[in-house]
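These notes are about the structure you will find just below.
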Amino acid sequence: MKKQPQHSNRGCPEPRPHVAPSAGGGPGQGGDWRRRRPLSLLPFLSLRDYGFCMAALLLFCLGSLFYQLNGGPPHFLLDLRHYLGNSTYLDDHGPPPRKVLPFPSQVVYNRVGKCGSRTVVLLLRILSERHGFNLVTSDIHNKTRLTKNEQMELIKNISTAEQPYLFTRHVHFLNFSRFGGEQPVYINIIRDPVNRFLSNYFFRRFGDWRGEQNHMIRTPTMRQEERYLDINVCILENYPECSNPRLFYIIPYFCGQHPKCREPGEWALERAKLNVNENFLLVGILEELEDVLLLLERFLPHYFKDVLSIYKNPEHRKLGNLTVTVKKTVPSPEAIQILYQRMRYEYEFYYYVKEQFHLLKRKFGLKSHSSEPHPRPEFFIPSPLETEEPIDDEEQDDEKWLEDIYKRELK
């Protein structure tokens, strides 16, 4: 007699063993679901979608190959190969990646005459060799005011120079953007206007410590009576060299090429101030040259790194002393007061720049080592003294002399 199986829960179906679900079908489909398991890695793609992706990848590969055959590899591969080195393809095809340029990479030093410019140019020659920037100079040294065509030509020549560059020349401010160029960063240095005038007056006549005959080479056509003209006579008797517009000298370097920039007055003064604020990174004061060099080193390290240590080097100081003007004499108090009156706008601009420079120094925690400033003279607006057109700046660069010193410095 067979024993009947006992069920504790009558009317309930027997429990079945648990089987994990599968995207390819349940276990009732036999071994087919195991054979389709690889497609479980792409649960959201059908076979048609998978084929489309493979076709797109094939087209991309073919397009990349076509691109490489016609124009070289992608730039990121060139950069990667340049970084890793040993790239024979890079040596044979296409230019290397662009050099990372410092900012700013376009600097113009439109240096004002008799404001320490020869000292700074000598420093720049040493610095350009040391830091590898492009120091661009000009063969024209005595033309500060340019025609429209001359401005366009000069701006074109400057703008196409290899960057990073620093261009230097005695020239009044140029507005690059007016002619569609990229406006560079400007720097400059000025000094007390009367002291600048006296330095230029005696330099044209007697030169400096580089040689006794230097002044004869510079101004060979100057008559003897003019060369030895007493400075007081020149000022008190209103000679053209000691009166306006010849005394209106510093402001046009910042005002620009507009004809009104050469006329002593408020218009030129205000425009010069505006350009200082908008286009000049730094306008320093020659009386505080070490602080000027220190700020230039902080603002433009790619150009002026180590400039202060080079300037303080005893050998450089010896060379700098050769540029000191000789036979300078001080005019009488009466003549000085007349100069103050004639140079009213020049002093307004000088004190404005000086205040801005001292404000900048305070921001960087620099203290002024100069003596207490002299009180500003009381000005009155003088009547027009001369109406003649200003002549070109007669100061020229001694490029040959600077080149000789530069070569000796590098030995």
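We name chains A, B, ... following the order of the structure tokens; residues begin at 1 in each chain, and ligands are numbered from 1 as shown.
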
task = Can you pull out every residue within 10 Å of Gly284 of chain A, counting only C-alpha atoms, but drop anything in the same chain fewer than 4 positions away, and send it as a ChimeraX atom specification?
result = /A:187-191,288-293,295-296,353-354,356-358

Go ahead and save the picked residues with all heavy atoms, as a compact mmCIF listing (two decimals), in the first residue's frame.
```txt
# COMPACT_ATOMS: atom_id res chain seq x y z
N ILE A 187 54.96 103.01 -21.72
CA ILE A 187 55.68 103.41 -20.52
C ILE A 187 56.50 104.65 -20.87
O ILE A 187 56.84 104.88 -22.04
CB ILE A 187 56.60 102.30 -19.98
CG1 ILE A 187 57.63 101.89 -21.04
CG2 ILE A 187 55.79 101.09 -19.52
CD1 ILE A 187 58.67 100.91 -20.52
N ASN A 188 56.84 105.46 -19.85
CA ASN A 188 57.66 106.64 -20.09
C ASN A 188 58.18 107.18 -18.77
O ASN A 188 57.74 106.76 -17.69
CB ASN A 188 56.88 107.72 -20.84
CG ASN A 188 57.76 108.47 -21.84
OD1 ASN A 188 58.94 108.73 -21.57
ND2 ASN A 188 57.20 108.81 -22.98
N ILE A 189 59.11 108.13 -18.86
CA ILE A 189 59.71 108.79 -17.70
C ILE A 189 59.83 110.27 -18.03
O ILE A 189 60.24 110.64 -19.14
CB ILE A 189 61.10 108.21 -17.37
CG1 ILE A 189 61.02 106.70 -17.10
CG2 ILE A 189 61.72 108.92 -16.18
CD1 ILE A 189 62.37 106.03 -16.92
N ILE A 190 59.48 111.13 -17.07
CA ILE A 190 59.65 112.57 -17.23
C ILE A 190 60.44 113.11 -16.04
O ILE A 190 60.73 112.39 -15.09
CB ILE A 190 58.28 113.29 -17.37
CG1 ILE A 190 57.47 113.17 -16.08
CG2 ILE A 190 57.51 112.74 -18.56
CD1 ILE A 190 56.18 113.99 -16.10
N ARG A 191 60.76 114.39 -16.11
CA ARG A 191 61.51 115.03 -15.01
C ARG A 191 61.05 116.47 -14.86
O ARG A 191 60.22 116.96 -15.65
CB ARG A 191 63.01 114.96 -15.28
CG ARG A 191 63.45 115.88 -16.41
CD ARG A 191 64.89 115.65 -16.84
NE ARG A 191 65.85 116.08 -15.84
CZ ARG A 191 67.17 116.16 -16.08
NH1 ARG A 191 67.65 115.86 -17.29
NH2 ARG A 191 67.99 116.56 -15.13
N GLU A 288 63.28 109.89 -9.13
CA GLU A 288 63.10 108.68 -8.32
C GLU A 288 63.25 107.45 -9.21
O GLU A 288 62.42 106.55 -9.21
CB GLU A 288 61.73 108.72 -7.64
CG GLU A 288 61.52 109.96 -6.78
CD GLU A 288 60.08 110.12 -6.30
OE1 GLU A 288 59.47 109.11 -5.91
OE2 GLU A 288 59.58 111.26 -6.34
N LEU A 289 64.36 107.42 -9.96
CA LEU A 289 64.54 106.41 -11.00
C LEU A 289 64.58 104.99 -10.42
O LEU A 289 64.04 104.06 -11.04
CB LEU A 289 65.83 106.69 -11.78
CG LEU A 289 66.15 105.71 -12.93
CD1 LEU A 289 65.01 105.67 -13.92
CD2 LEU A 289 67.45 106.10 -13.62
N GLU A 290 65.18 104.79 -9.26
CA GLU A 290 65.25 103.44 -8.70
C GLU A 290 63.85 102.89 -8.41
O GLU A 290 63.59 101.70 -8.64
CB GLU A 290 66.11 103.43 -7.43
CG GLU A 290 67.59 103.60 -7.71
CD GLU A 290 68.44 103.28 -6.49
OE1 GLU A 290 67.90 102.74 -5.50
OE2 GLU A 290 69.65 103.58 -6.53
N ASP A 291 62.97 103.75 -7.91
CA ASP A 291 61.60 103.30 -7.68
C ASP A 291 60.87 103.03 -9.00
O ASP A 291 60.04 102.12 -9.08
CB ASP A 291 60.83 104.34 -6.86
CG ASP A 291 61.30 104.39 -5.41
OD1 ASP A 291 61.87 103.38 -4.96
OD2 ASP A 291 61.09 105.42 -4.75
N VAL A 292 61.19 103.81 -10.04
CA VAL A 292 60.61 103.56 -11.36
C VAL A 292 61.02 102.18 -11.86
O VAL A 292 60.18 101.39 -12.32
CB VAL A 292 61.05 104.65 -12.36
CG1 VAL A 292 60.54 104.32 -13.76
CG2 VAL A 292 60.56 106.02 -11.92
N LEU A 293 62.30 101.87 -11.74
CA LEU A 293 62.79 100.56 -12.20
C LEU A 293 62.19 99.43 -11.38
O LEU A 293 61.88 98.35 -11.92
CB LEU A 293 64.32 100.53 -12.12
CG LEU A 293 65.06 101.53 -13.01
CD1 LEU A 293 66.56 101.42 -12.80
CD2 LEU A 293 64.71 101.34 -14.48
N LEU A 295 59.21 99.37 -9.94
CA LEU A 295 57.82 99.17 -10.37
C LEU A 295 57.76 98.52 -11.75
O LEU A 295 56.90 97.68 -12.01
CB LEU A 295 57.07 100.50 -10.37
CG LEU A 295 56.75 101.08 -8.99
CD1 LEU A 295 56.07 102.44 -9.12
CD2 LEU A 295 55.85 100.13 -8.20
N LEU A 296 58.67 98.91 -12.63
CA LEU A 296 58.70 98.27 -13.96
C LEU A 296 59.01 96.78 -13.83
O LEU A 296 58.45 95.95 -14.56
CB LEU A 296 59.76 98.95 -14.84
CG LEU A 296 59.39 100.31 -15.42
CD1 LEU A 296 60.59 100.94 -16.11
CD2 LEU A 296 58.22 100.20 -16.38
N VAL A 353 51.47 113.99 -12.89
CA VAL A 353 52.11 112.68 -13.05
C VAL A 353 52.82 112.28 -11.76
O VAL A 353 52.80 111.12 -11.34
CB VAL A 353 53.11 112.73 -14.23
CG1 VAL A 353 53.99 111.48 -14.25
CG2 VAL A 353 52.35 112.86 -15.55
N LYS A 354 53.45 113.25 -11.11
CA LYS A 354 54.18 112.95 -9.88
C LYS A 354 53.23 112.46 -8.78
O LYS A 354 53.54 111.51 -8.05
CB LYS A 354 54.93 114.20 -9.41
CG LYS A 354 55.94 113.95 -8.30
CD LYS A 354 56.76 115.20 -8.04
CE LYS A 354 57.84 114.94 -7.00
NZ LYS A 354 58.67 116.14 -6.77
N GLN A 356 50.33 110.94 -9.26
CA GLN A 356 49.90 109.60 -9.65
C GLN A 356 50.99 108.56 -9.36
O GLN A 356 50.69 107.44 -8.91
CB GLN A 356 49.53 109.57 -11.14
CG GLN A 356 48.38 110.47 -11.53
CD GLN A 356 47.08 110.06 -10.84
OE1 GLN A 356 46.72 108.89 -10.81
NE2 GLN A 356 46.37 111.03 -10.29
N PHE A 357 52.23 108.94 -9.60
CA PHE A 357 53.34 108.02 -9.36
C PHE A 357 53.49 107.73 -7.86
O PHE A 357 53.70 106.58 -7.46
CB PHE A 357 54.62 108.62 -9.92
CG PHE A 357 55.84 107.76 -9.73
CD1 PHE A 357 55.96 106.55 -10.38
CD2 PHE A 357 56.87 108.17 -8.89
CE1 PHE A 357 57.07 105.75 -10.20
CE2 PHE A 357 57.99 107.38 -8.71
CZ PHE A 357 58.09 106.17 -9.37
N HIS A 358 53.36 108.75 -7.04
CA HIS A 358 53.47 108.54 -5.59
C HIS A 358 52.29 107.73 -5.06
O HIS A 358 52.46 106.93 -4.13
CB HIS A 358 53.55 109.89 -4.88
CG HIS A 358 54.88 110.55 -5.04
ND1 HIS A 358 55.13 111.86 -4.65
CD2 HIS A 358 56.06 110.09 -5.55
CE1 HIS A 358 56.38 112.17 -4.91
NE2 HIS A 358 56.97 111.12 -5.45
```

message = Set the distance at 12 Å and use only C-alpha atoms: which residues neighbour Cys242 of chain A once local chain neighbours fewer than 6 positions away are removed? I'd like the list as a VMD selection string.
response = chain A and resid 194 197 to 198 200 to 201 229 to 236 248 to 249 331 335 to 336 338 to 343 385 to 386

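One finds atom CA of Arg271 of chain A at 5.4 Å from atom CA of Cys255 of chain A.
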
inquiry  = Would you compute the distance between atom CA of Leu174 of chain A and atom CA of Leu308 of chain A? Give it in Å to one decimal.
reply    = 28.7 Å

message = For a test of reading the model, state the distance in Å between atom CA of Phe167 of chain A and atom CA of Gly116 of chain A, rounded to one decimal.
response = 16.4 Å

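In this comparison, which uses only C-alpha atoms, the residue of A:Lys361, A:Glu153, A:Glu346, A:Ile310 approaching Leu247 of chain A most closely is A:Glu346.
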
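Counting only C-alpha atoms, the residue from A:Tyr228, A:Tyr351, A:Tyr253, A:Phe304 that sits nearest to Val107 of chain A is A:Phe304.
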
query = Using only C-alpha atoms, which of the listed residues (A:Gln106, A:Thr168, A:Gln224, A:Asn134) sits closest to Pro184 of chain A?
reply = A:Gln106

Ile140 of chain A surroundings by only C-alpha atoms, 10 Å radius, close-in-sequence under 2 positions cut, as a tab-separated table (two decimals) with all heavy atoms, in the first residue's frame:
```
chain	number	residue	atom	x	y	z
A	137	THR	N	64.28	99.20	-32.19
A	137	THR	CA	64.66	100.62	-32.21
A	137	THR	C	64.41	101.17	-33.61
A	137	THR	O	63.99	100.45	-34.52
A	137	THR	CB	66.13	100.79	-31.82
A	137	THR	OG1	66.96	100.03	-32.70
A	137	THR	CG2	66.37	100.30	-30.38
A	138	SER	N	64.69	102.44	-33.77
A	138	SER	CA	64.43	103.10	-35.04
A	138	SER	C	65.68	103.82	-35.53
A	138	SER	O	66.49	104.30	-34.73
A	138	SER	CB	63.28	104.11	-34.89
A	138	SER	OG	63.11	104.87	-36.08
A	142	ASN	N	65.20	111.95	-34.64
A	142	ASN	CA	64.94	113.37	-34.38
A	142	ASN	C	63.61	113.85	-34.95
A	142	ASN	O	63.41	115.03	-35.16
A	142	ASN	CB	66.07	114.24	-34.95
A	142	ASN	CG	66.18	114.12	-36.45
A	142	ASN	OD1	65.65	113.19	-37.04
A	142	ASN	ND2	66.87	115.05	-37.08
A	143	LYS	N	62.68	112.92	-35.20
A	143	LYS	CA	61.37	113.33	-35.73
A	143	LYS	C	60.30	112.79	-34.81
A	143	LYS	O	60.01	111.59	-34.82
A	143	LYS	CB	61.18	112.82	-37.16
A	143	LYS	CG	59.93	113.42	-37.81
A	143	LYS	CD	59.93	113.22	-39.31
A	143	LYS	CE	58.76	113.98	-39.93
A	143	LYS	NZ	58.72	113.84	-41.40
A	144	THR	N	59.71	113.68	-34.04
A	144	THR	CA	58.71	113.27	-33.05
A	144	THR	C	57.29	113.45	-33.56
A	144	THR	O	56.38	112.79	-33.07
A	144	THR	CB	58.88	114.10	-31.77
A	144	THR	OG1	58.76	115.50	-32.08
A	144	THR	CG2	60.24	113.85	-31.14
A	169	ARG	N	61.60	104.84	-29.10
A	169	ARG	CA	61.98	105.94	-29.99
A	169	ARG	C	61.47	107.24	-29.40
A	169	ARG	O	60.48	107.27	-28.68
A	169	ARG	CB	61.38	105.73	-31.39
A	169	ARG	CG	61.57	106.91	-32.33
A	169	ARG	CD	60.96	106.67	-33.69
A	169	ARG	NE	60.75	107.92	-34.41
A	169	ARG	CZ	60.29	108.02	-35.65
A	169	ARG	NH1	59.98	106.92	-36.32
A	169	ARG	NH2	60.11	109.20	-36.23
A	170	HIS	N	62.17	108.35	-29.72
A	170	HIS	CA	61.65	109.68	-29.39
A	170	HIS	C	60.51	109.99	-30.36
A	170	HIS	O	60.73	110.32	-31.52
A	170	HIS	CB	62.74	110.75	-29.54
A	170	HIS	CG	63.85	110.64	-28.55
A	170	HIS	ND1	63.65	110.75	-27.20
A	170	HIS	CD2	65.18	110.43	-28.71
A	170	HIS	CE1	64.81	110.62	-26.57
A	170	HIS	NE2	65.75	110.42	-27.46
A	171	VAL	N	59.27	109.84	-29.92
A	171	VAL	CA	58.13	110.10	-30.79
A	171	VAL	C	56.92	110.42	-29.92
A	171	VAL	O	56.76	109.86	-28.83
A	171	VAL	CB	57.84	108.88	-31.71
A	171	VAL	CG1	57.43	107.66	-30.91
A	171	VAL	CG2	56.80	109.22	-32.76
A	396	GLN	N	69.25	113.62	-30.70
A	396	GLN	CA	69.37	112.38	-31.43
A	396	GLN	C	69.90	111.29	-30.52
A	396	GLN	O	70.59	111.56	-29.54
A	396	GLN	CB	70.31	112.54	-32.63
A	396	GLN	CG	69.81	113.58	-33.64
A	396	GLN	CD	70.76	113.67	-34.81
A	396	GLN	OE1	71.71	112.90	-34.91
A	396	GLN	NE2	70.51	114.60	-35.70
A	397	ASP	N	69.61	110.07	-30.89
A	397	ASP	CA	70.13	108.94	-30.15
A	397	ASP	C	71.54	108.64	-30.60
A	397	ASP	O	71.84	108.70	-31.79
A	397	ASP	CB	69.27	107.70	-30.39
A	397	ASP	CG	68.53	107.29	-29.16
A	397	ASP	OD1	68.63	108.01	-28.16
A	397	ASP	OD2	67.84	106.27	-29.22
```

request  = Please return as a list of chain:residue names: the residues of segment 108-167 of chain A that backbone DSSP assigns to helix (DSSP H, G or I).
outcome  =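 Listing helix (DSSP H, G or I) positions across segment 108-167 of chain A yields A:Ser117, A:Arg118, A:Thr119, A:Val120, A:Val121, A:Leu122, A:Leu123, A:Leu124, A:Arg125, A:Ile126, A:Leu127, A:Ser128, A:Glu129, A:Arg130, A:His131, A:Lys148, A:Asn149, A:Glu150, A:Gln151, A:Met152, A:Glu153, A:Leu154, A:Ile155, A:Lys156, A:Asn157, A:Ile158, A:Ser159.
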